[in-house]
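Data block for target-v1.csv (CSV, C-alpha atoms):
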chain,number,residue,atom,x,y,z
F,1,GLN,CA,-88.6,87.4,70.5
F,2,LYS,CA,-85.5,85.6,71.3
F,3,GLU,CA,-83.9,87.0,74.5
F,4,VAL,CA,-80.7,86.5,76.4
F,5,GLU,CA,-80.4,87.9,79.9
F,6,GLN,CA,-77.5,88.6,82.1
F,7,ASN,CA,-77.0,90.5,85.3
F,8,SER,CA,-75.3,93.8,84.4
F,9,GLY,CA,-73.2,93.8,87.5
F,10,PRO,CA,-70.8,95.1,88.4
F,11,LEU,CA,-69.7,91.8,89.9
F,12,SER,CA,-66.7,92.4,92.2
F,13,VAL,CA,-64.5,89.5,93.4
F,14,PRO,CA,-61.2,89.5,95.1
F,15,GLU,CA,-58.0,88.4,93.3
F,16,GLY,CA,-57.7,84.6,93.4
F,17,ALA,CA,-61.4,84.0,93.9
F,18,ILE,CA,-63.8,82.2,91.5
F,19,ALA,CA,-66.0,84.6,89.4
F,20,SER,CA,-69.3,83.1,88.4
F,21,LEU,CA,-71.2,84.7,85.4
F,22,ASN,CA,-74.7,83.6,84.5
F,23,CYS,CA,-76.9,83.8,81.4
F,24,THR,CA,-80.4,82.6,80.6
F,25,TYR,CA,-82.0,82.4,77.2
F,26,SER,CA,-85.6,82.1,76.0
F,27,ASP,CA,-85.5,79.8,73.0
F,28,ARG,CA,-85.2,76.1,73.6
F,29,GLY,CA,-84.1,75.6,70.0
F,30,SER,CA,-80.7,77.2,70.6
F,31,GLN,CA,-77.8,74.8,69.9
F,32,SER,CA,-74.6,76.6,70.7
F,33,PHE,CA,-73.5,79.2,73.3
F,34,PHE,CA,-70.6,81.5,73.3
F,35,TRP,CA,-68.8,83.7,75.8
F,36,TYR,CA,-67.0,86.9,74.7
F,37,ARG,CA,-64.8,89.1,76.8
F,38,GLN,CA,-64.8,92.9,76.0
F,39,TYR,CA,-62.3,95.3,77.6
F,40,SER,CA,-63.4,98.9,77.9
F,41,GLY,CA,-63.2,100.6,74.5
F,42,LYS,CA,-62.3,97.4,72.7
F,43,SER,CA,-64.2,94.9,70.6
F,44,PRO,CA,-65.4,91.5,71.9
F,45,GLU,CA,-63.1,88.5,71.8
F,46,LEU,CA,-64.2,84.9,71.9
F,47,ILE,CA,-63.1,83.0,75.0
F,48,MET,CA,-65.2,79.9,75.0
F,49,PHE,CA,-68.1,78.1,73.4
F,50,ILE,CA,-70.2,75.1,74.5
F,51,TYR,CA,-72.7,72.9,72.6
F,52,SER,CA,-73.5,70.0,75.0
F,53,ASN,CA,-75.0,69.8,78.4
F,54,GLY,CA,-72.4,69.7,81.2
F,55,ASP,CA,-69.1,71.4,81.7
F,56,LYS,CA,-66.3,72.4,79.3
F,57,GLU,CA,-63.0,73.5,80.7
F,58,ASP,CA,-60.3,75.6,79.1
F,59,GLY,CA,-57.5,76.7,81.4
F,60,ARG,CA,-58.9,78.9,84.2
F,61,PHE,CA,-62.3,79.1,82.4
F,62,THR,CA,-65.2,76.6,82.7
F,63,ALA,CA,-68.4,76.9,80.7
F,64,GLN,CA,-71.5,75.2,82.0
F,65,LEU,CA,-74.7,74.4,80.1
F,66,ASN,CA,-78.0,73.2,81.2
F,67,LYS,CA,-80.4,73.1,78.3
F,68,ALA,CA,-83.4,72.0,80.4
F,69,SER,CA,-83.1,75.1,82.5
F,70,GLN,CA,-82.0,77.2,79.6
F,71,TYR,CA,-79.0,78.4,81.6
F,72,VAL,CA,-75.4,78.8,80.7
F,73,SER,CA,-72.6,80.0,83.0
F,74,LEU,CA,-68.9,80.9,82.9
F,75,LEU,CA,-66.6,80.3,85.8
F,76,ILE,CA,-63.3,82.0,86.1
F,77,ARG,CA,-61.0,80.4,88.6
F,78,ASP,CA,-58.1,82.2,90.3
F,79,SER,CA,-59.4,85.5,89.0
F,80,GLN,CA,-56.8,88.1,88.1
F,81,PRO,CA,-57.1,91.9,87.8
F,82,SER,CA,-56.6,91.4,84.0
F,83,ASP,CA,-59.9,89.5,83.9
F,84,SER,CA,-61.7,92.8,84.7
F,85,ALA,CA,-63.9,93.3,81.7
F,86,THR,CA,-67.5,92.9,80.4
F,87,TYR,CA,-68.5,89.4,79.6
F,88,LEU,CA,-71.1,88.9,76.9
F,89,CYS,CA,-73.2,85.7,76.5
F,90,ALA,CA,-74.2,85.0,72.9
F,91,VAL,CA,-76.7,82.4,71.9
F,92,ASN,CA,-76.7,81.1,68.3
F,93,TYR,CA,-79.9,81.0,66.4
F,94,GLY,CA,-79.3,79.7,62.9
F,95,GLN,CA,-77.1,82.2,61.0
F,96,ASN,CA,-77.2,84.8,63.8
F,97,PHE,CA,-76.5,85.4,67.4
F,98,VAL,CA,-78.4,87.1,70.1
F,99,PHE,CA,-76.2,88.8,72.6
F,100,GLY,CA,-76.9,89.4,76.2
F,101,PRO,CA,-76.3,92.9,77.6
F,102,GLY,CA,-73.1,91.8,79.3
F,103,THR,CA,-71.9,91.5,82.9
F,104,ARG,CA,-69.2,93.8,84.1
F,105,LEU,CA,-66.6,92.0,86.2
F,106,SER,CA,-64.2,93.8,88.5
F,107,VAL,CA,-61.4,91.7,90.1
F,108,LEU,CA,-60.0,93.6,93.1
F,109,PRO,CA,-56.2,93.3,93.8
X,1,ASP,CA,-55.1,84.6,62.6
X,2,VAL,CA,-58.5,85.7,61.3
X,3,LYS,CA,-58.4,89.4,60.8
X,4,VAL,CA,-61.4,91.7,60.5
X,5,THR,CA,-60.3,95.2,59.7
X,6,GLN,CA,-62.4,98.3,60.1
X,7,SER,CA,-61.1,101.3,58.2
X,8,SER,CA,-61.4,103.9,60.9
X,9,ARG,CA,-61.0,103.7,64.7
X,10,TYR,CA,-62.6,107.1,65.3
X,11,LEU,CA,-64.7,109.2,63.0
X,12,VAL,CA,-66.4,112.6,63.5
X,13,LYS,CA,-69.1,113.6,61.0
X,14,ARG,CA,-71.6,116.4,60.6
X,15,THR,CA,-75.4,115.9,60.7
X,16,GLY,CA,-76.7,115.2,57.2
X,17,GLU,CA,-73.4,113.8,55.8
X,18,LYS,CA,-73.3,110.5,54.0
X,19,VAL,CA,-71.0,108.2,56.0
X,20,PHE,CA,-69.2,105.1,54.8
X,21,LEU,CA,-67.9,102.5,57.3
X,22,GLU,CA,-65.7,99.8,55.7
X,23,CYS,CA,-65.0,96.3,56.9
X,24,VAL,CA,-62.6,93.8,55.3
X,25,GLN,CA,-62.0,90.2,56.4
X,26,ASP,CA,-59.2,88.0,55.2
X,27,MET,CA,-60.4,84.5,56.0
X,28,ASP,CA,-62.8,83.8,53.2
X,29,HIS,CA,-65.8,84.0,55.6
X,30,GLU,CA,-69.2,83.7,54.0
X,31,ASN,CA,-71.1,85.8,56.6
X,32,MET,CA,-70.5,89.4,57.6
X,33,PHE,CA,-72.4,91.5,60.1
X,34,TRP,CA,-72.8,95.1,61.2
X,35,TYR,CA,-73.7,95.8,64.9
X,36,ARG,CA,-73.9,99.0,66.9
X,37,GLN,CA,-73.2,99.0,70.6
X,38,ASP,CA,-74.5,101.5,73.0
X,39,PRO,CA,-74.3,101.7,76.8
X,40,GLY,CA,-77.2,99.9,78.4
X,41,LEU,CA,-78.5,98.6,75.0
X,42,GLY,CA,-75.9,96.0,74.2
X,43,LEU,CA,-75.1,94.8,70.7
X,44,ARG,CA,-77.8,95.4,68.2
X,45,LEU,CA,-77.8,93.9,64.7
X,46,ILE,CA,-78.1,96.4,61.9
X,47,TYR,CA,-77.6,94.4,58.7
X,48,PHE,CA,-76.0,91.1,57.7
X,49,SER,CA,-74.9,89.3,54.6
X,50,TYR,CA,-74.5,85.6,53.8
X,51,ASP,CA,-73.0,86.1,50.3
X,52,VAL,CA,-71.8,88.6,47.8
X,53,LYS,CA,-74.5,91.0,46.7
X,54,MET,CA,-77.0,89.8,49.2
X,55,LYS,CA,-78.1,91.5,52.4
X,56,GLU,CA,-80.7,91.0,55.1
X,57,LYS,CA,-82.1,93.6,57.6
X,58,GLY,CA,-81.3,93.1,61.2
X,59,ASP,CA,-83.1,94.5,64.2
X,60,ILE,CA,-82.4,98.2,63.6
X,61,PRO,CA,-81.9,98.9,59.9
X,62,GLU,CA,-83.6,102.3,59.7
X,63,GLY,CA,-81.2,105.0,58.5
X,64,TYR,CA,-78.6,102.5,57.3
X,65,SER,CA,-77.8,100.6,54.1
X,66,VAL,CA,-75.1,98.1,53.2
X,67,SER,CA,-73.1,97.0,50.2
X,68,ARG,CA,-71.3,93.7,49.6
X,69,GLU,CA,-69.7,93.8,46.2
X,70,LYS,CA,-66.9,91.4,47.1
X,71,LYS,CA,-66.8,88.5,49.5
X,72,GLU,CA,-64.2,90.1,51.8
X,73,ARG,CA,-65.7,93.6,52.0
X,74,PHE,CA,-68.9,94.7,53.7
X,75,SER,CA,-69.7,98.4,53.9
X,76,LEU,CA,-72.2,100.2,56.1
X,77,ILE,CA,-73.7,103.4,54.8
X,78,LEU,CA,-75.4,106.1,56.8
X,79,GLU,CA,-77.4,107.9,54.2
X,80,SER,CA,-77.8,111.1,56.2
X,81,ALA,CA,-76.1,111.0,59.5
X,82,SER,CA,-78.0,112.0,62.6
X,83,THR,CA,-76.9,112.6,66.2
X,84,ASN,CA,-78.7,109.5,67.3
X,85,GLN,CA,-76.4,107.4,65.2
X,86,THR,CA,-73.5,108.4,67.4
X,87,SER,CA,-72.3,105.0,68.6
X,88,MET,CA,-69.6,102.2,68.5
X,89,TYR,CA,-70.0,100.3,65.2
X,90,LEU,CA,-68.7,96.7,65.1
X,91,CYS,CA,-68.2,94.6,62.1
X,92,ALA,CA,-68.0,90.8,62.5
X,93,SER,CA,-67.6,87.8,60.2
X,94,SER,CA,-68.0,84.1,60.4
X,95,PHE,CA,-68.1,80.9,58.4
X,96,SER,CA,-71.5,79.9,57.0
X,97,ASP,CA,-72.4,78.1,60.2
X,98,PRO,CA,-71.5,80.6,62.9
X,99,GLY,CA,-72.6,78.2,65.5
X,100,LEU,CA,-69.5,76.2,65.0
X,101,TYR,CA,-66.8,78.8,65.6
X,102,GLY,CA,-68.7,82.0,66.5
X,103,TYR,CA,-67.9,85.5,65.2
X,104,THR,CA,-64.6,87.3,64.8
X,105,PHE,CA,-65.1,91.0,65.4
X,106,GLY,CA,-63.2,94.0,64.0
X,107,SER,CA,-61.7,96.6,66.3
X,108,GLY,CA,-64.7,98.9,66.0
X,109,THR,CA,-65.3,102.4,64.8
X,110,ARG,CA,-66.4,105.0,67.3
X,111,LEU,CA,-68.6,107.4,65.3
X,112,THR,CA,-69.6,110.8,66.6
X,113,VAL,CA,-72.2,112.8,64.7
X,114,VAL,CA,-72.2,116.5,65.6

What does this structure look like when you write it as structure tokens?
Amino acid sequence: QKEVEQNSGPLSVPEGAIASLNCTYSDRGSQSFFWYRQYSGKSPELIMFIYSNGDKEDGRFTAQLNKASQYVSLLIRDSQPSDSATYLCAVNYGQNFVFGPGTRLSVLP
Amino acid sequence: DVKVTQSSRYLVKRTGEKVFLECVQDMDHENMFWYRQDPGLGLRLIYFSYDVKMKEKGDIPEGYSVSREKKERFSLILESASTNQTSMYLCASSFSDPGLYGYTFGSGTRLTVV
């Protein structure tokens, strides 16, 4: 059984702070890792993906991957109230993904 | 932009009705997927398809069937709707290797079965 785990939250951070979202996965064979953002009542939208160990930066977002620890994280710098959403970690297994339950982030003005 | 269009945003159906949820993508994606999303349970895969006229069961196929007669269209069918099928239904599509670019999701259909 392939599993992806995330803290459900809510994670509350003040505006301007760094939000850190974490995800662990069970299958060492996983090759690629995705983060989706989902606003309440909306569908998930892709914000970042990462394949290699280390960090990948895109604007205010940084994805971090550690395959040895089976751990992937998403950092959001200078958090804004518009970042308040549920963040889904998705791990690719062949043709499919397994999604984590999501972490709800609340950025307080 | 890749577009995945789901035919209805909100749907209310009666118990026992046959329900069709339609999904159309315009980017020539090979793969298409149907998920349902429920609070506390996350996204669960119902069915998926890698090619026209082929389908594979996901994690929770019971009570559902699918049809893919054309590459761009993937339909989810609830043979006899029940109240426990009240949920948000999400269609997604991807290229043949979704690990490269991930999924693109449709806007979702919130189905209520009364």

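Our summary of the geometry notes that CA of Val12 (chain X) is positioned 13.0 Å from CA of Leu78 (chain X).
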
Requested in this report: Select all residues from chain X having any atom no more than 7 Å from an atom of chain F (counting all atoms listed in the file, ignoring ligands), output as a list in words.
Outcome: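 Close enough to count are Leu41, Gly42, Leu43, Asp97, Pro98, Gly99, Phe105, Gly106, Ser107 and Gly108 of chain X.
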
Query raised in the report: Pick from X:Thr83, X:Leu76, X:Thr15, X:Leu90: nearest to Thr104 (chain X), with all atoms listed in the file counted?
Result: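 Of the candidates, the smallest distance to Thr104 (chain X) is held by X:Leu90.
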
Query - Between CA of Arg73 (chain X) and CA of Glu30 (chain X) - distance in Å to one decimal - result: 10.7 Å

Query - Surrounding residues of Arg36 (chain X) excluding itself and chain neighbours under 2 positions, 9 Å, only C-alpha atoms, as a list in words - result: Trp34, Asp38, Gly42, Leu43, Arg44, Leu45, Ile46, Gln85, Ser87, Met88, Tyr89, Leu90 and Cys91 of chain X

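Here CA of Gln6 (chain F) is placed at a distance of 9.4 Å from CA of Tyr87 (chain F).
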
Would you fill the gaps in region 40-61 of chain X so it has N, CA and C atoms, then print it as a PDB file, in the frame of the given file?
ATOM      1  N   GLY X  40     -75.910 100.250  77.915  1.00  0.00           N
ATOM      2  CA  GLY X  40     -77.200  99.900  78.400  1.00  0.00           C
ATOM      3  C   GLY X  40     -78.100  99.150  77.370  1.00  0.00           C
ATOM      4  N   LEU X  41     -77.702  99.198  76.102  1.00  0.00           N
ATOM      5  CA  LEU X  41     -78.500  98.600  75.000  1.00  0.00           C
ATOM      6  C   LEU X  41     -77.820  97.350  74.446  1.00  0.00           C
ATOM      7  N   GLY X  42     -76.561  97.176  74.731  1.00  0.00           N
ATOM      8  CA  GLY X  42     -75.900  96.000  74.200  1.00  0.00           C
ATOM      9  C   GLY X  42     -75.602  96.074  72.733  1.00  0.00           C
ATOM     10  N   LEU X  43     -75.360  94.915  72.164  1.00  0.00           N
ATOM     11  CA  LEU X  43     -75.100  94.800  70.700  1.00  0.00           C
ATOM     12  C   LEU X  43     -76.392  94.633  69.968  1.00  0.00           C
ATOM     13  N   ARG X  44     -76.604  95.477  68.979  1.00  0.00           N
ATOM     14  CA  ARG X  44     -77.800  95.400  68.200  1.00  0.00           C
ATOM     15  C   ARG X  44     -77.437  95.230  66.711  1.00  0.00           C
ATOM     16  N   LEU X  45     -78.080  94.267  66.057  1.00  0.00           N
ATOM     17  CA  LEU X  45     -77.800  93.900  64.700  1.00  0.00           C
ATOM     18  C   LEU X  45     -78.406  94.883  63.707  1.00  0.00           C
ATOM     19  N   ILE X  46     -77.592  95.457  62.822  1.00  0.00           N
ATOM     20  CA  ILE X  46     -78.100  96.400  61.900  1.00  0.00           C
ATOM     21  C   ILE X  46     -78.432  95.720  60.538  1.00  0.00           C
ATOM     22  N   TYR X  47     -77.429  95.093  59.955  1.00  0.00           N
ATOM     23  CA  TYR X  47     -77.600  94.400  58.700  1.00  0.00           C
ATOM     24  C   TYR X  47     -76.599  93.190  58.717  1.00  0.00           C
ATOM     25  N   PHE X  48     -76.905  92.183  57.903  1.00  0.00           N
ATOM     26  CA  PHE X  48     -76.000  91.100  57.700  1.00  0.00           C
ATOM     27  C   PHE X  48     -76.039  90.585  56.285  1.00  0.00           C
ATOM     28  N   SER X  49     -75.041  89.800  55.938  1.00  0.00           N
ATOM     29  CA  SER X  49     -74.900  89.300  54.600  1.00  0.00           C
ATOM     30  C   SER X  49     -74.364  87.904  54.601  1.00  0.00           C
ATOM     31  N   TYR X  50     -74.984  86.978  53.843  1.00  0.00           N
ATOM     32  CA  TYR X  50     -74.500  85.600  53.800  1.00  0.00           C
ATOM     33  C   TYR X  50     -73.677  85.354  52.520  1.00  0.00           C
ATOM     34  N   ASP X  51     -73.717  86.300  51.593  1.00  0.00           N
ATOM     35  CA  ASP X  51     -73.000  86.100  50.300  1.00  0.00           C
ATOM     36  C   ASP X  51     -72.875  87.382  49.607  1.00  0.00           C
ATOM     37  N   VAL X  52     -72.044  87.357  48.598  1.00  0.00           N
ATOM     38  CA  VAL X  52     -71.800  88.600  47.800  1.00  0.00           C
ATOM     39  C   VAL X  52     -73.165  89.050  47.228  1.00  0.00           C
ATOM     40  N   LYS X  53     -73.350  90.340  47.270  1.00  0.00           N
ATOM     41  CA  LYS X  53     -74.500  91.000  46.700  1.00  0.00           C
ATOM     42  C   LYS X  53     -75.823  90.698  47.411  1.00  0.00           C
ATOM     43  N   MET X  54     -75.775  89.963  48.498  1.00  0.00           N
ATOM     44  CA  MET X  54     -77.000  89.800  49.200  1.00  0.00           C
ATOM     45  C   MET X  54     -76.912  90.443  50.596  1.00  0.00           C
ATOM     46  N   LYS X  55     -78.068  90.839  51.126  1.00  0.00           N
ATOM     47  CA  LYS X  55     -78.100  91.500  52.400  1.00  0.00           C
ATOM     48  C   LYS X  55     -79.461  91.225  53.067  1.00  0.00           C
ATOM     49  N   GLU X  56     -79.433  91.243  54.375  1.00  0.00           N
ATOM     50  CA  GLU X  56     -80.700  91.000  55.100  1.00  0.00           C
ATOM     51  C   GLU X  56     -80.720  92.089  56.236  1.00  0.00           C
ATOM     52  N   LYS X  57     -81.903  92.595  56.497  1.00  0.00           N
ATOM     53  CA  LYS X  57     -82.100  93.600  57.600  1.00  0.00           C
ATOM     54  C   LYS X  57     -81.970  92.857  58.927  1.00  0.00           C
ATOM     55  N   GLY X  58     -81.319  93.547  59.849  1.00  0.00           N
ATOM     56  CA  GLY X  58     -81.300  93.100  61.200  1.00  0.00           C
ATOM     57  C   GLY X  58     -82.391  93.704  62.034  1.00  0.00           C
ATOM     58  N   ASP X  59     -82.095  93.989  63.282  1.00  0.00           N
ATOM     59  CA  ASP X  59     -83.100  94.500  64.200  1.00  0.00           C
ATOM     60  C   ASP X  59     -83.346  96.002  64.068  1.00  0.00           C
ATOM     61  N   ILE X  60     -82.309  96.727  63.636  1.00  0.00           N
ATOM     62  CA  ILE X  60     -82.400  98.200  63.600  1.00  0.00           C
ATOM     63  C   ILE X  60     -81.847  98.749  62.286  1.00  0.00           C
ATOM     64  N   PRO X  61     -82.431  98.430  61.132  1.00  0.00           N
ATOM     65  CA  PRO X  61     -81.900  98.900  59.900  1.00  0.00           C
ATOM     66  C   PRO X  61     -82.182 100.298  59.450  1.00  0.00           C
TER      67      PRO X  61
END
